[in-house]
file data-v4.csv (CSV, C-alpha atoms)
chain,number,residue,atom,x,y,z
Q,1,MET,CA,19.1,35.4,3.9
Q,2,VAL,CA,17.7,34.0,7.1
Q,3,LYS,CA,13.9,34.0,7.4
Q,4,MET,CA,12.0,36.3,9.9
Q,5,TYR,CA,11.1,34.4,13.0
Q,6,LYS,CA,7.6,34.1,14.4
Q,7,SER,CA,7.3,34.6,18.1
Q,8,MET,CA,6.6,31.8,20.5
Q,9,SER,CA,4.2,32.1,23.4
Q,10,LYS,CA,4.3,29.8,26.4
Q,11,LYS,CA,0.7,28.8,25.5
Q,12,ASP,CA,1.5,27.3,22.1
Q,13,SER,CA,5.2,26.5,22.3
Q,14,PRO,CA,6.2,22.8,22.5
Q,15,PHE,CA,9.4,23.9,24.3
Q,16,ASN,CA,8.1,24.5,27.8
Q,17,LYS,CA,6.6,21.0,28.1
Q,18,LEU,CA,9.2,19.3,30.2
Q,19,HIS,CA,7.2,16.5,31.8
Q,20,SER,CA,8.2,13.9,29.2
Q,21,LEU,CA,11.9,14.7,29.5
Q,22,LYS,CA,11.6,14.4,33.3
Q,23,GLU,CA,10.0,11.0,33.0
Q,24,LEU,CA,12.8,9.9,30.6
Q,25,LEU,CA,15.5,11.0,33.0
Q,26,LYS,CA,14.0,9.0,35.8
Q,27,THR,CA,14.5,5.7,33.9
Q,28,ILE,CA,18.1,6.3,32.7
Q,29,GLY,CA,20.4,4.0,34.6
Q,30,SER,CA,17.8,1.9,36.3
Q,31,LYS,CA,15.8,0.8,33.2
Q,32,HIS,CA,17.4,2.4,30.1
Q,33,TYR,CA,20.7,3.7,28.7
Q,34,PHE,CA,21.5,6.0,25.8
Q,35,ASP,CA,23.5,4.6,22.8
Q,36,ILE,CA,24.9,7.2,20.4
Q,37,SER,CA,24.7,6.7,16.6
Q,38,MET,CA,26.2,9.9,15.4
Q,39,CYS,CA,28.0,12.9,16.7
Q,40,GLY,CA,29.8,15.6,14.8
Q,41,ASP,CA,31.7,18.9,15.3
Q,42,LEU,CA,31.6,21.0,12.2
Q,43,ILE,CA,31.2,24.3,10.5
Q,44,VAL,CA,28.4,23.4,8.1
Q,45,PRO,CA,29.3,23.3,4.4
Q,46,GLU,CA,28.0,25.8,1.9
Q,47,LYS,CA,25.0,23.7,0.7
Q,48,TRP,CA,24.0,22.4,4.2
Q,49,GLU,CA,20.4,22.2,5.2
Q,50,ILE,CA,18.1,19.7,6.8
Q,51,GLU,CA,15.0,18.9,4.8
Q,52,PRO,CA,11.8,18.5,6.9
Q,53,ARG,CA,11.9,15.1,8.7
Q,54,VAL,CA,10.4,13.2,11.6
Q,55,ILE,CA,12.9,10.9,13.3
Q,56,GLU,CA,12.5,7.7,15.3
Q,57,ASP,CA,15.3,8.4,17.8
Q,58,PHE,CA,16.6,11.6,19.6
Q,59,HIS,CA,18.3,14.6,18.1
Q,60,LEU,CA,20.4,17.0,20.2
Q,61,VAL,CA,22.4,19.9,18.9
Q,62,MET,CA,24.4,22.8,20.3
Q,63,VAL,CA,25.4,25.9,18.3
Q,64,LEU,CA,28.9,27.2,19.1
Q,65,SER,CA,29.0,30.1,16.6
Q,66,GLY,CA,27.3,31.4,13.4
Q,67,LYS,CA,23.7,31.8,12.4
Q,68,GLY,CA,20.8,30.0,10.9
Q,69,VAL,CA,17.4,28.7,11.7
Q,70,TYR,CA,15.8,25.5,13.0
Q,71,THR,CA,12.1,24.9,12.5
Q,72,VAL,CA,10.7,22.6,15.0
Q,73,ASP,CA,7.0,21.6,15.1
Q,74,GLY,CA,6.3,24.7,13.0
Q,75,VAL,CA,8.2,27.1,15.3
Q,76,GLU,CA,11.3,28.9,13.9
Q,77,ILE,CA,14.3,29.1,16.3
Q,78,PRO,CA,17.1,31.4,15.5
Q,79,LEU,CA,20.5,29.8,15.7
Q,80,GLN,CA,23.2,31.6,17.6
Q,81,ARG,CA,26.1,30.8,20.0
Q,82,GLY,CA,24.7,29.0,23.1
Q,83,ARG,CA,21.5,27.7,21.5
Q,84,ILE,CA,20.7,24.1,22.4
Q,85,ILE,CA,17.9,22.1,20.8
Q,86,PHE,CA,16.5,18.7,21.8
Q,87,VAL,CA,14.0,16.9,19.6
Q,88,SER,CA,12.5,13.5,20.2
Q,89,HIS,CA,10.5,11.1,17.9
Q,90,GLY,CA,7.3,12.3,16.4
Q,91,ILE,CA,8.2,15.9,15.9
Q,92,GLU,CA,9.0,17.4,12.5
Q,93,TYR,CA,12.1,19.6,12.2
Q,94,SER,CA,14.2,21.2,9.5
Q,95,ALA,CA,17.2,23.6,9.4
Q,96,GLU,CA,19.0,26.0,7.2
Q,97,GLN,CA,22.1,28.2,7.6
Q,98,ASP,CA,22.8,31.9,7.2
Q,99,LEU,CA,25.3,31.8,4.2
Q,100,SER,CA,27.0,35.0,5.5
Q,101,ASP,CA,27.8,33.4,8.8
Q,102,PRO,CA,27.6,29.5,8.7
Q,103,PRO,CA,27.1,28.0,12.1
Q,104,ARG,CA,29.5,25.7,13.9
Q,105,ILE,CA,27.4,22.9,15.5
Q,106,ILE,CA,27.8,19.7,17.5
Q,107,PRO,CA,24.8,17.5,16.4
Q,108,VAL,CA,24.1,14.2,18.2
Q,109,ARG,CA,21.7,11.4,17.3
Q,110,PHE,CA,21.0,8.6,19.8
Q,111,PHE,CA,18.5,5.9,21.0
Q,112,SER,CA,17.3,4.8,24.4
Q,113,PHE,CA,17.9,1.1,25.0
Q,114,LEU,CA,16.4,-1.2,27.6
Q,115,ASN,CA,19.0,-2.6,30.0
Q,116,THR,CA,17.3,-6.0,30.0
Q,117,ASN,CA,17.3,-6.9,26.3
Q,118,LYS,CA,19.2,-4.2,24.5
Q,119,GLN,CA,16.2,-3.3,22.4
Q,120,PRO,CA,15.6,0.3,21.3
Q,121,ASN,CA,12.9,2.0,23.3
Q,122,ILE,CA,11.9,5.7,23.1
Q,123,ALA,CA,11.0,5.6,26.8
Q,124,LEU,CA,8.9,8.8,26.5
Q,125,GLU,CA,5.3,9.3,27.4
Q,126,SER,CA,4.9,11.7,24.6
Q,127,PRO,CA,7.1,13.5,22.1
Q,128,VAL,CA,9.1,16.5,23.4
Q,129,ALA,CA,11.0,19.4,21.9
Q,130,ILE,CA,13.2,21.8,23.9
Q,131,SER,CA,15.0,25.0,22.8
Q,132,HIS,CA,17.3,26.8,25.3
Q,133,LEU,CA,19.7,29.7,24.9
Q,134,THR,CA,22.2,29.2,27.7
Q,135,ALA,CA,24.1,31.8,29.5
Q,136,ASN,CA,26.6,29.2,30.6
Q,137,VAL,CA,28.0,28.4,27.2
Q,138,ASP,CA,31.4,27.1,28.4
Q,139,LYS,CA,29.7,24.4,30.6
Q,140,TYR,CA,27.6,23.0,27.8
Q,141,GLN,CA,30.4,23.3,25.3
Q,142,GLU,CA,32.7,21.2,27.4
Q,143,LEU,CA,30.0,18.5,27.8
Q,144,PHE,CA,29.3,18.4,24.0
Q,145,GLU,CA,32.9,18.4,23.1
Q,146,SER,CA,33.6,15.6,25.6
Q,147,LEU,CA,30.8,13.6,24.1
Q,148,HIS,CA,32.2,14.1,20.6
Q,149,ARG,CA,35.7,12.9,21.8
Q,150,GLN,CA,34.2,9.8,23.4
Q,151,TYR,CA,32.2,9.1,20.2
Q,152,LEU,CA,35.4,9.2,18.1
Q,153,LEU,CA,36.8,6.4,20.3
Q,154,LYS,CA,34.4,4.1,18.4
Q,155,GLN,CA,34.3,1.0,20.4
Q,156,GLY,CA,37.0,1.9,22.9
Q,157,PRO,CA,36.8,1.0,26.6
Q,158,PHE,CA,33.6,2.2,28.3
Q,159,ARG,CA,32.5,4.2,25.2
Q,160,THR,CA,28.8,3.5,25.4
Q,161,GLY,CA,28.7,4.0,29.2
Q,162,TYR,CA,30.5,7.3,29.1
Q,163,CYS,CA,28.5,8.6,26.2
Q,164,SER,CA,25.3,7.7,28.0
Q,165,MET,CA,26.4,9.4,31.2
Q,166,ILE,CA,27.4,12.6,29.3
Q,167,ILE,CA,24.0,12.7,27.4
Q,168,GLN,CA,22.2,12.3,30.7
Q,169,HIS,CA,24.2,15.1,32.2
Q,170,ILE,CA,23.4,17.4,29.3
Q,171,LEU,CA,19.7,16.6,29.4
Q,172,SER,CA,19.5,16.9,33.2
Q,173,ASP,CA,21.1,20.3,33.1
Q,174,LEU,CA,18.9,21.3,30.2
Q,175,PHE,CA,15.8,20.2,32.2
Q,176,PHE,CA,16.9,22.2,35.3
Q,177,ASP,CA,17.8,25.3,33.2
Q,178,CYS,CA,14.4,25.2,31.4
Q,179,SER,CA,12.2,24.4,34.3
Q,180,SER,CA,10.6,27.4,36.0
Q,181,ASP,CA,7.8,25.6,37.8
Q,182,SER,CA,8.3,25.8,41.6
Q,183,HIS,CA,6.1,22.7,42.0
Q,184,ASP,CA,8.8,20.7,40.3
Q,185,GLN,CA,11.4,21.5,43.0
Q,186,GLU,CA,11.0,18.1,44.7
Q,187,ASP,CA,11.2,16.2,41.4
Q,188,ASN,CA,14.3,18.3,40.5
Q,189,ARG,CA,16.0,17.2,43.6
Q,190,ILE,CA,15.4,13.5,42.8
Q,191,VAL,CA,16.6,14.0,39.3
Q,192,LYS,CA,19.8,15.6,40.7
Q,193,VAL,CA,20.5,12.5,42.8
Q,194,GLN,CA,19.8,10.2,39.8
Q,195,GLN,CA,22.2,12.2,37.7
Q,196,PHE,CA,24.9,11.9,40.4
Q,197,ILE,CA,24.4,8.2,40.8
Q,198,ALA,CA,24.5,7.6,37.0
Q,199,SER,CA,27.6,9.7,36.6
Q,200,ASN,CA,29.4,8.0,39.5
Q,201,PRO,CA,28.7,4.2,39.2
Q,202,LEU,CA,31.6,3.4,41.6
Q,203,ASP,CA,30.3,5.7,44.3
Q,204,ARG,CA,28.7,4.0,47.3
Q,205,SER,CA,27.3,7.0,49.1
Q,206,SER,CA,25.0,6.1,52.0
Q,207,LEU,CA,21.3,7.0,52.1
Q,208,GLU,CA,22.2,9.7,54.6
Q,209,ASP,CA,24.8,11.1,52.2
Q,210,LEU,CA,22.4,11.2,49.3
Q,211,SER,CA,19.6,12.8,51.3
Q,212,LYS,CA,22.0,15.5,52.6
Q,213,MET,CA,23.0,16.2,48.9
Q,214,VAL,CA,19.4,17.6,48.4
Q,215,ARG,CA,18.8,18.8,51.9
Q,216,LEU,CA,16.0,16.3,52.8
Q,217,SER,CA,15.7,14.1,55.8
Q,218,LYS,CA,16.8,10.5,55.2
Q,219,LYS,CA,13.3,9.1,55.7
Q,220,TYR,CA,11.5,11.6,53.5
Q,221,PHE,CA,14.2,11.4,50.8
Q,222,SER,CA,13.8,7.6,50.6
Q,223,LYS,CA,10.0,7.9,50.4
Q,224,VAL,CA,10.0,10.6,47.7
Q,225,PHE,CA,12.8,8.8,45.7
Q,226,LYS,CA,10.8,5.6,45.6
Q,227,ASN,CA,7.6,7.4,44.7
Q,228,LYS,CA,9.3,9.2,41.8
Q,229,THR,CA,11.4,6.3,40.4
Q,230,GLY,CA,9.6,3.2,41.5
Q,231,VAL,CA,12.7,1.8,43.3
Q,232,SER,CA,14.7,2.6,46.5
Q,233,PRO,CA,17.9,4.7,46.3
Q,234,LYS,CA,19.9,1.6,47.1
Q,235,HIS,CA,18.3,-0.4,44.3
Q,236,TYR,CA,18.9,2.5,41.9
Q,237,GLN,CA,22.6,2.7,42.9
Q,238,LEU,CA,22.9,-1.1,42.3
Q,239,SER,CA,21.2,-0.9,38.9
Q,240,SER,CA,23.5,1.9,37.8
Q,241,ARG,CA,26.6,0.0,39.0
Q,242,LEU,CA,25.5,-3.2,37.3
Q,243,SER,CA,24.7,-1.3,34.1
Q,244,HIS,CA,28.3,-0.1,34.1
Q,245,ALA,CA,29.3,-3.7,34.8
Q,246,LYS,CA,27.6,-4.8,31.6
Q,247,GLU,CA,29.8,-2.3,29.6
Q,248,LEU,CA,32.9,-3.7,31.2
Q,249,LEU,CA,31.9,-7.2,30.4
Q,250,PHE,CA,31.1,-6.3,26.8
Q,251,GLU,CA,34.6,-4.6,26.5
Q,252,GLY,CA,36.2,-7.9,27.4
Q,253,TYR,CA,36.9,-7.7,31.1
Q,254,SER,CA,36.5,-10.9,33.1
Q,255,VAL,CA,33.8,-11.4,35.7
Q,256,LYS,CA,36.5,-11.3,38.4
Q,257,GLU,CA,38.1,-8.1,37.0
Q,258,THR,CA,34.7,-6.4,36.7
Q,259,ALA,CA,33.7,-7.3,40.2
Q,260,PHE,CA,36.9,-6.0,41.8
Q,261,TYR,CA,36.8,-2.8,39.6
Q,262,LEU,CA,33.3,-2.1,40.9
Q,263,GLY,CA,34.4,-2.5,44.5
Q,264,TYR,CA,33.2,-6.0,45.3
Q,265,THR,CA,35.4,-8.1,47.5
Q,266,ASP,CA,33.6,-11.3,46.5
Q,267,PRO,CA,32.9,-12.0,42.8
Q,268,PHE,CA,30.2,-14.4,43.9
Q,269,ILE,CA,28.2,-11.6,45.5
Q,270,PHE,CA,28.6,-9.5,42.3
Q,271,SER,CA,27.4,-12.5,40.2
Q,272,LYS,CA,24.4,-13.1,42.5
Q,273,GLN,CA,23.3,-9.4,42.3
Q,274,PHE,CA,23.9,-9.2,38.6
Q,275,LYS,CA,21.7,-12.3,37.9
Q,276,ALA,CA,19.0,-10.9,40.3
Q,277,ILE,CA,18.8,-7.7,38.2
Q,278,TYR,CA,19.2,-9.1,34.6
Q,279,GLY,CA,18.1,-12.7,34.9
Q,280,ILE,CA,21.4,-14.0,33.5
Q,281,SER,CA,24.8,-14.5,35.0
Q,282,PRO,CA,27.7,-12.1,34.2
Q,283,ASN,CA,29.4,-15.0,32.2
Q,284,GLU,CA,26.2,-15.4,30.0
Q,285,CYS,CA,26.1,-11.6,29.5
Q,286,LYS,CA,29.8,-11.5,28.6
Q,287,HIS,CA,29.2,-13.9,25.7
Q,288,ASP,CA,26.0,-12.2,24.6
Q,289,LYS,CA,27.7,-9.5,22.4
Q,290,ARG,CA,25.7,-6.6,21.1
Q,291,ASN,CA,25.0,-6.5,17.4

call {"tool": "encode", "arguments": {"input": "data-v4.csv", "output": "structure tokens"}}
result
Amino acid sequence: MVKMYKSMSKKDSPFNKLHSLKELLKTIGSKHYFDISMCGDLIVPEKWEIEPRVIEDFHLVMVLSGKGVYTVDGVEIPLQRGRIIFVSHGIEYSAEQDLSDPPRIIPVRFFSFLNTNKQPNIALESPVAISHLTANVDKYQELFESLHRQYLLKQGPFRTGYCSMIIQHILSDLFFDCSSDSHDQEDNRIVKVQQFIASNPLDRSSLEDLSKMVRLSKKYFSKVFKNKTGVSPKHYQLSSRLSHAKELLFEGYSVKETAFYLGYTDPFIFSKQFKAIYGISPNECKHDKRN
């Protein structure tokens, strides 16, 4: 039998505090990337349950069918089709199934890593937990299943970069879907552009194109973007592009191949920009394999 659920009010619920997630999303691409450590797609076995735990990384799960309960920070969340839960470090959670209707879930565990030294970094101002029952199940299911397929590639070409972009896409959509504060509209527009840049590292949209995407003037968009992210849109595009370049170099592509793939006509310009961002040349990066 599944437990009775206690109600959540907006006053005491941890799930309507989106500021930390918003701050995290601002840094992905320019300062951090996500690296996945586990992703499954399963109907839970008969004895499945999660004992109370507090993790050091991030936990993200989507329920595709079945029933059960997640308890996050003392709040019980009924599991049903379309339920998405995101839990960061520092928050206790546990889970159990309904034996009469075991849930099918896609659970994900991942860390945030610094671009500069590949060290794990939570990159959150404070712990955050989010629960959302989406009406757009197909959209999220496609993203989660795509993430699982990429994870199964193990160390295939671009695996880390693709997984990071998909996780950012999921979290960005989750943020937009859960946010009801009209005062965040301006921030939401900036996050939307960040998501677009991170998901399209080869794109070279102009400042005018990016500002039109969120219906802001070019001058105002540039000012707001820098205020929110700390860098200009052009610098953010460059950081995202070069973050993708690192993945190509780690996968064995030459500096010349990487430069041309990213749209550079001169590998020297690519190398110069790469060193300006990361402090080392692409050749040095290429031979600095991740553990």

call {"tool": "residues_around", "arguments": {"input": "data-v4.csv", "residues": "segment 15-30 of chain Q", "least_positions_apart": "3", "cutoff": "8 Å", "atoms": "all atoms listed in the file", "output": "count of residues only"}}
result
28

call {"tool": "closest_residue", "arguments": {"input": "data-v4.csv", "among": "Q:Leu210, Q:Leu133, Q:Val63, Q:Val108", "to": "Ser164 of chain Q", "atoms": "only C-alpha atoms"}}
result
Q:Val108

call {"tool": "atom_distance", "arguments": {"input": "data-v4.csv", "atom1": "atom CA of Asp209 of chain Q", "atom2": "atom CA of Gln195 of chain Q"}}
result
14.8 Å

call {"tool": "closest_residue", "arguments": {"input": "data-v4.csv", "among": "Q:Leu249, Q:Met62, Q:Met213, Q:Ile105", "to": "Ile84 of chain Q", "atoms": "all atoms listed in the file"}}
result
Q:Met62

call {"tool": "closest_residue", "arguments": {"input": "data-v4.csv", "among": "Q:Asp41, Q:Glu51, Q:Glu56, Q:Glu208", "to": "Leu147 of chain Q", "atoms": "all atoms listed in the file"}}
result
Q:Asp41

call {"tool": "atom_distance", "arguments": {"input": "data-v4.csv", "atom1": "atom CA of Ile166 of chain Q", "atom2": "atom CA of Gln150 of chain Q"}}
result
9.4 Å

call {"tool": "closest_residue", "arguments": {"input": "data-v4.csv", "among": "Q:Arg149, Q:Arg241, Q:Lys154, Q:Lys226", "to": "Asn200 of chain Q", "atoms": "all atoms listed in the file"}}
result
Q:Arg241

call {"tool": "atom_distance", "arguments": {"input": "data-v4.csv", "atom1": "atom CA of Ile43 of chain Q", "atom2": "atom CA of Arg109 of chain Q"}}
result
17.4 Å

call {"tool": "residues_around", "arguments": {"input": "data-v4.csv", "residues": "Val61 of chain Q", "least_positions_apart": "3", "cutoff": "12 Å", "atoms": "all atoms listed in the file", "output": "number ranges by chain"}}
result
Q: 38-42, 58, 64, 70, 79-88, 95, 103-110, 129-133, 140-141, 143-145, 147-148, 167, 170-171, 174

call {"tool": "closest_residue", "arguments": {"input": "data-v4.csv", "among": "Q:Val255, Q:Leu99, Q:Cys285, Q:Ile190", "to": "Lys223 of chain Q", "atoms": "all atoms listed in the file"}}
result
Q:Ile190

call {"tool": "residues_around", "arguments": {"input": "data-v4.csv", "residues": "Gly74 of chain Q", "least_positions_apart": "2", "cutoff": "9 Å", "atoms": "all atoms listed in the file", "output": "PDB file with C-alpha atoms, in the coordinates of the input"}}
result
ATOM      1  CA  THR Q  71      12.100  24.900  12.500  1.00  0.00           C
ATOM      2  CA  VAL Q  72      10.700  22.600  15.000  1.00  0.00           C
ATOM      3  CA  GLU Q  76      11.300  28.900  13.900  1.00  0.00           C
ATOM      4  CA  GLU Q  92       9.000  17.400  12.500  1.00  0.00           C
ATOM      5  CA  TYR Q  93      12.100  19.600  12.200  1.00  0.00           C
TER       6      TYR Q  93
END
